[in-house]
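Next comes model-v7.pdb, a file with PDB, C-alpha atoms, pLDDT in the B column.
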MODEL        1
ATOM      1  CA  MET A   5      37.442  76.176 129.104  1.00 58.00           C
ATOM      2  CA  ALA A   6      35.734  79.431 129.205  1.00 64.00           C
ATOM      3  CA  LYS A   7      36.315  82.011 126.531  1.00 75.00           C
ATOM      4  CA  PHE A   8      36.791  85.532 127.650  1.00 74.00           C
ATOM      5  CA  GLN A   9      35.307  88.238 125.562  1.00 74.00           C
ATOM      6  CA  PHE A  10      36.326  91.812 125.964  1.00 67.00           C
ATOM      7  CA  ASP A  11      34.186  94.696 125.047  1.00 66.00           C
ATOM      8  CA  LYS A  12      36.714  96.950 123.394  1.00 65.00           C
ATOM      9  CA  SER A  13      34.302  99.593 122.216  1.00 67.00           C
ATOM     10  CA  THR A  14      33.619 101.061 125.668  1.00 63.00           C
ATOM     11  CA  LYS A  15      37.199 101.158 126.889  1.00 62.00           C
ATOM     12  CA  ARG A  16      38.837 102.457 123.747  1.00 65.00           C
ATOM     13  CA  LYS A  17      40.023 106.050 123.937  1.00 74.00           C
ATOM     14  CA  ALA A  18      40.132 108.238 120.917  1.00 76.00           C
ATOM     15  CA  PRO A  19      43.710 109.057 119.842  1.00 80.00           C
ATOM     16  CA  ARG A  20      44.898 112.579 120.420  1.00 86.00           C
ATOM     17  CA  PRO A  21      44.863 114.651 117.303  1.00 88.00           C
ATOM     18  CA  ILE A  22      48.293 115.466 115.890  1.00 88.00           C
ATOM     19  CA  ALA A  23      48.782 119.104 115.032  1.00 90.00           C
ATOM     20  CA  LYS A  24      50.324 119.976 111.720  1.00 89.00           C
ATOM     21  CA  THR A  25      54.015 120.860 112.027  1.00 87.00           C
ATOM     22  CA  ASP A  26      54.983 123.749 109.820  1.00 88.00           C
ATOM     23  CA  ILE A  27      58.427 123.704 108.250  1.00 88.00           C
ATOM     24  CA  THR A  28      60.458 126.504 109.774  1.00 87.00           C
ATOM     25  CA  LYS A  29      62.851 128.648 107.855  1.00 86.00           C
ATOM     26  CA  PRO A  30      66.120 129.912 109.372  1.00 84.00           C
ATOM     27  CA  LYS A  31      66.293 133.512 110.485  1.00 86.00           C
ATOM     28  CA  GLU A  32      69.536 133.928 108.590  1.00 84.00           C
ATOM     29  CA  SER A  33      71.214 131.759 105.952  1.00 85.00           C
ATOM     30  CA  TYR A  34      74.916 131.323 105.276  1.00 84.00           C
ATOM     31  CA  ASP A  35      76.337 134.051 103.104  1.00 85.00           C
ATOM     32  CA  PRO A  36      80.034 133.686 102.185  1.00 86.00           C
ATOM     33  CA  SER A  37      80.428 137.389 101.415  1.00 87.00           C
ATOM     34  CA  LYS A  38      79.192 138.343 104.913  1.00 87.00           C
ATOM     35  CA  VAL A  39      81.586 135.880 106.516  1.00 85.00           C
ATOM     36  CA  SER A  40      84.559 137.193 104.549  1.00 86.00           C
ATOM     37  CA  LYS A  41      83.648 140.770 105.506  1.00 86.00           C
ATOM     38  CA  GLN A  42      83.411 139.765 109.164  1.00 86.00           C
ATOM     39  CA  LEU A  43      86.817 138.088 108.988  1.00 85.00           C
ATOM     40  CA  GLU A  44      88.355 141.153 107.364  1.00 86.00           C
ATOM     41  CA  GLU A  45      86.849 143.389 110.047  1.00 85.00           C
ATOM     42  CA  ALA A  46      88.122 141.097 112.784  1.00 83.00           C
ATOM     43  CA  ALA A  47      91.599 141.093 111.238  1.00 81.00           C
ATOM     44  CA  SER A  48      91.655 144.869 111.024  1.00 79.00           C
ATOM     45  CA  LYS A  49      90.457 145.153 114.629  1.00 75.00           C
ATOM     46  CA  SER A  50      93.094 142.703 115.844  1.00 66.00           C
ATOM     47  CA  SER A  51      95.851 144.614 114.039  1.00 60.00           C
ATOM     48  CA  ASN A  52      94.608 147.812 115.681  1.00 54.00           C
ATOM     49  CA  THR A  53      94.604 146.235 119.134  1.00 47.00           C
ATOM     50  CA  VAL A  54      98.242 145.232 118.806  1.00 46.00           C
ATOM     51  CA  THR A  55      99.259 148.861 118.590  1.00 51.00           C
ATOM     52  CA  THR A  56      97.050 149.874 121.504  1.00 52.00           C
ATOM     53  CA  GLY A  57      98.211 146.987 123.659  1.00 55.00           C
ATOM     54  CA  THR A  58      94.769 145.654 124.608  1.00 64.00           C
ATOM     55  CA  LYS A  59      95.230 142.313 122.843  1.00 69.00           C
ATOM     56  CA  LYS A  60      95.289 139.268 125.097  1.00 74.00           C
ATOM     57  CA  ARG A  61      98.460 137.256 125.169  1.00 68.00           C
ATOM     58  CA  PRO A  62      98.165 133.919 123.377  1.00 68.00           C
ATOM     59  CA  VAL A  63      98.048 130.801 125.490  1.00 75.00           C
ATOM     60  CA  GLY A  64     100.932 128.359 125.202  1.00 73.00           C
ATOM     61  CA  ARG A  65     104.525 128.544 124.238  1.00 69.00           C
ATOM     62  CA  PRO A  66     105.525 131.692 122.369  1.00 65.00           C
ATOM     63  CA  LYS A  67     106.720 131.419 118.805  1.00 65.00           C
ATOM     64  CA  SER A  68     110.316 132.413 118.374  1.00 66.00           C
ATOM     65  CA  GLY A  69     110.865 133.819 114.930  1.00 70.00           C
ATOM     66  CA  ARG A  70     110.599 131.602 111.925  1.00 70.00           C
ATOM     67  CA  LYS A  71     112.091 128.507 113.506  1.00 73.00           C
ATOM     68  CA  SER A  72     110.301 125.225 113.097  1.00 76.00           C
ATOM     69  CA  TYR A  73     111.042 122.302 115.365  1.00 77.00           C
ATOM     70  CA  GLN A  74     110.923 118.526 115.071  1.00 82.00           C
ATOM     71  CA  THR A  75     111.345 115.929 117.752  1.00 86.00           C
ATOM     72  CA  VAL A  76     114.465 113.778 117.768  1.00 87.00           C
ATOM     73  CA  ARG A  77     114.712 110.810 120.097  1.00 92.00           C
ATOM     74  CA  LEU A  78     118.062 110.598 121.839  1.00 90.00           C
ATOM     75  CA  GLN A  79     119.457 108.263 124.450  1.00 93.00           C
ATOM     76  CA  LYS A  80     120.041 109.695 127.911  1.00 93.00           C
ATOM     77  CA  GLN A  81     123.810 109.310 127.520  1.00 94.00           C
ATOM     78  CA  THR A  82     123.738 111.421 124.355  1.00 92.00           C
ATOM     79  CA  VAL A  83     121.673 114.121 126.055  1.00 92.00           C
ATOM     80  CA  LEU A  84     124.144 114.187 128.938  1.00 94.00           C
ATOM     81  CA  LYS A  85     127.014 114.649 126.466  1.00 92.00           C
ATOM     82  CA  ILE A  86     125.162 117.500 124.737  1.00 91.00           C
ATOM     83  CA  ASN A  87     124.454 119.201 128.075  1.00 92.00           C
ATOM     84  CA  ALA A  88     128.107 118.814 129.131  1.00 93.00           C
ATOM     85  CA  LEU A  89     129.298 120.380 125.855  1.00 91.00           C
ATOM     86  CA  GLU A  90     126.742 123.148 126.226  1.00 91.00           C
ATOM     87  CA  ASN A  91     128.029 124.062 129.677  1.00 92.00           C
ATOM     88  CA  ALA A  92     131.725 123.577 128.864  1.00 93.00           C
ATOM     89  CA  LEU A  93     131.593 125.798 125.760  1.00 90.00           C
ATOM     90  CA  SER A  94     129.133 128.322 127.275  1.00 90.00           C
ATOM     91  CA  ILE A  95     126.643 127.827 124.465  1.00 91.00           C
ATOM     92  CA  PRO A  96     123.152 129.126 125.331  1.00 90.00           C
ATOM     93  CA  THR A  97     120.982 126.299 123.929  1.00 90.00           C
ATOM     94  CA  GLN A  98     121.131 122.611 123.117  1.00 90.00           C
ATOM     95  CA  ASP A  99     120.134 123.425 119.540  1.00 90.00           C
ATOM     96  CA  GLU A 100     123.164 125.636 119.054  1.00 91.00           C
ATOM     97  CA  THR A 101     125.389 123.040 120.725  1.00 92.00           C
ATOM     98  CA  VAL A 102     124.278 120.316 118.313  1.00 92.00           C
ATOM     99  CA  ASP A 103     124.505 122.714 115.371  1.00 92.00           C
ATOM    100  CA  GLN A 104     128.073 123.681 116.287  1.00 92.00           C
ATOM    101  CA  ALA A 105     129.085 120.028 116.727  1.00 92.00           C
ATOM    102  CA  ILE A 106     127.602 119.114 113.344  1.00 93.00           C
ATOM    103  CA  ASP A 107     129.420 122.041 111.697  1.00 93.00           C
ATOM    104  CA  ARG A 108     132.720 120.765 113.097  1.00 93.00           C
ATOM    105  CA  VAL A 109     132.014 117.286 111.734  1.00 94.00           C
ATOM    106  CA  LEU A 110     131.066 118.719 108.328  1.00 94.00           C
ATOM    107  CA  ASN A 111     134.333 120.655 108.160  1.00 94.00           C
ATOM    108  CA  SER A 112     136.286 117.426 108.627  1.00 95.00           C
ATOM    109  CA  LEU A 113     134.498 115.471 105.828  1.00 94.00           C
ATOM    110  CA  SER A 114     136.251 114.403 102.650  1.00 94.00           C
ATOM    111  CA  SER A 115     134.987 115.669  99.295  1.00 93.00           C
ATOM    112  CA  ASP A 116     133.076 112.439  98.541  1.00 94.00           C
ATOM    113  CA  GLU A 117     131.458 112.491 101.968  1.00 94.00           C
ATOM    114  CA  LYS A 118     130.510 116.154 101.546  1.00 94.00           C
ATOM    115  CA  ARG A 119     128.928 115.385  98.174  1.00 95.00           C
ATOM    116  CA  ALA A 120     126.924 112.505  99.654  1.00 95.00           C
ATOM    117  CA  TYR A 121     125.910 114.739 102.560  1.00 94.00           C
ATOM    118  CA  GLN A 122     124.673 117.458 100.193  1.00 94.00           C
ATOM    119  CA  LEU A 123     122.633 114.949  98.185  1.00 94.00           C
ATOM    120  CA  TRP A 124     120.999 113.558 101.335  1.00 93.00           C
ATOM    121  CA  LEU A 125     120.383 117.044 102.688  1.00 92.00           C
ATOM    122  CA  ASP A 126     118.693 118.148  99.451  1.00 93.00           C
ATOM    123  CA  MET A 127     116.523 115.034  99.473  1.00 93.00           C
ATOM    124  CA  PHE A 128     115.412 115.551 103.085  1.00 89.00           C
ATOM    125  CA  GLU A 129     114.701 119.260 102.502  1.00 89.00           C
ATOM    126  CA  LYS A 130     112.494 118.445  99.528  1.00 89.00           C
ATOM    127  CA  LYS A 131     110.766 115.672 101.453  1.00 84.00           C
ATOM    128  CA  TYR A 132     109.852 117.894 104.387  1.00 73.00           C
TER     129      TYR A 132
ENDMDL
END

Could I get this structure in the form of structure tokens?
Amino acid sequence: MAKFQFDKSTKRKAPRPIAKTDITKPKESYDPSKVSKQLEEAASKSSNTVTTGTKKRPVGRPKSGRKSYQTVRLQKQTVLKINALENALSIPTQDETVDQAIDRVLNSLSSDEKRAYQLWLDMFEKKY
């Protein structure tokens, strides 16, 4: 078998020189005092725009007062009963319908049941 010999010296290319990479410094660094000033300026501008009426309307459902909502899962039959009560009693919302129904139930509780209800209510209010 014949051995092949390669002449590497004539075919070898010299590697490209690598230029030195200087470490760059940022044009501006984070300054908490600047950020807080910018936020204060933005807040003052936004409060001024409310009075002039140039503020854009927020996207999404509008907030109505201080109410906070949670989701409750109900069966369809229960929702139909709530809607029927709402229409029969001319109550504007489902929330008020349920609230009125619960008030009527609370008025018919015995003293022991009312005490237990108050304890549970206090516990749930503290929990959430």

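Residues of protein, DNA and RNA with at least one atom no farther than 10 Å from (122.5, 120.8, 121.7) are, using all atoms listed in the file, A:Thr82, A:Val83, A:Leu84, A:Lys85, A:Ile86, A:Asn87, A:Ala88, A:Leu89, A:Glu90, A:Ile95, A:Pro96, A:Thr97, A:Gln98, A:Asp99, A:Glu100, A:Thr101, A:Val102, A:Asp103, A:Gln104, A:Ala105, A:Ile106.
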
Output the selection as an mmCIF file, keeping the file's coordinate frame - C-alpha atoms for each residue.
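Printed below is out.cif as written:
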data_model
loop_
_atom_site.group_PDB
_atom_site.id
_atom_site.type_symbol
_atom_site.label_atom_id
_atom_site.label_comp_id
_atom_site.auth_asym_id
_atom_site.auth_seq_id
_atom_site.Cartn_x
_atom_site.Cartn_y
_atom_site.Cartn_z
ATOM 1 C CA THR A 82 123.738 111.421 124.355
ATOM 2 C CA VAL A 83 121.673 114.121 126.055
ATOM 3 C CA LEU A 84 124.144 114.187 128.938
ATOM 4 C CA LYS A 85 127.014 114.649 126.466
ATOM 5 C CA ILE A 86 125.162 117.500 124.737
ATOM 6 C CA ASN A 87 124.454 119.201 128.075
ATOM 7 C CA ALA A 88 128.107 118.814 129.131
ATOM 8 C CA LEU A 89 129.298 120.380 125.855
ATOM 9 C CA GLU A 90 126.742 123.148 126.226
ATOM 10 C CA ILE A 95 126.643 127.827 124.465
ATOM 11 C CA PRO A 96 123.152 129.126 125.331
ATOM 12 C CA THR A 97 120.982 126.299 123.929
ATOM 13 C CA GLN A 98 121.131 122.611 123.117
ATOM 14 C CA ASP A 99 120.134 123.425 119.540
ATOM 15 C CA GLU A 100 123.164 125.636 119.054
ATOM 16 C CA THR A 101 125.389 123.040 120.725
ATOM 17 C CA VAL A 102 124.278 120.316 118.313
ATOM 18 C CA ASP A 103 124.505 122.714 115.371
ATOM 19 C CA GLN A 104 128.073 123.681 116.287
ATOM 20 C CA ALA A 105 129.085 120.028 116.727
ATOM 21 C CA ILE A 106 127.602 119.114 113.344
#

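In this structure, atom CA of A:Tyr73 sits 13.7 Å away from atom CA of A:Glu129.
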
Atomic separation - atom CA of A:Asp107 relative to atom CA of A:Leu93, Å: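 Atom CA of A:Asp107 lies 14.7 Å from atom CA of A:Leu93.
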
Separation of atom CA of A:Lys71 from atom CA of A:Ala47 in Å: 24.2 Å
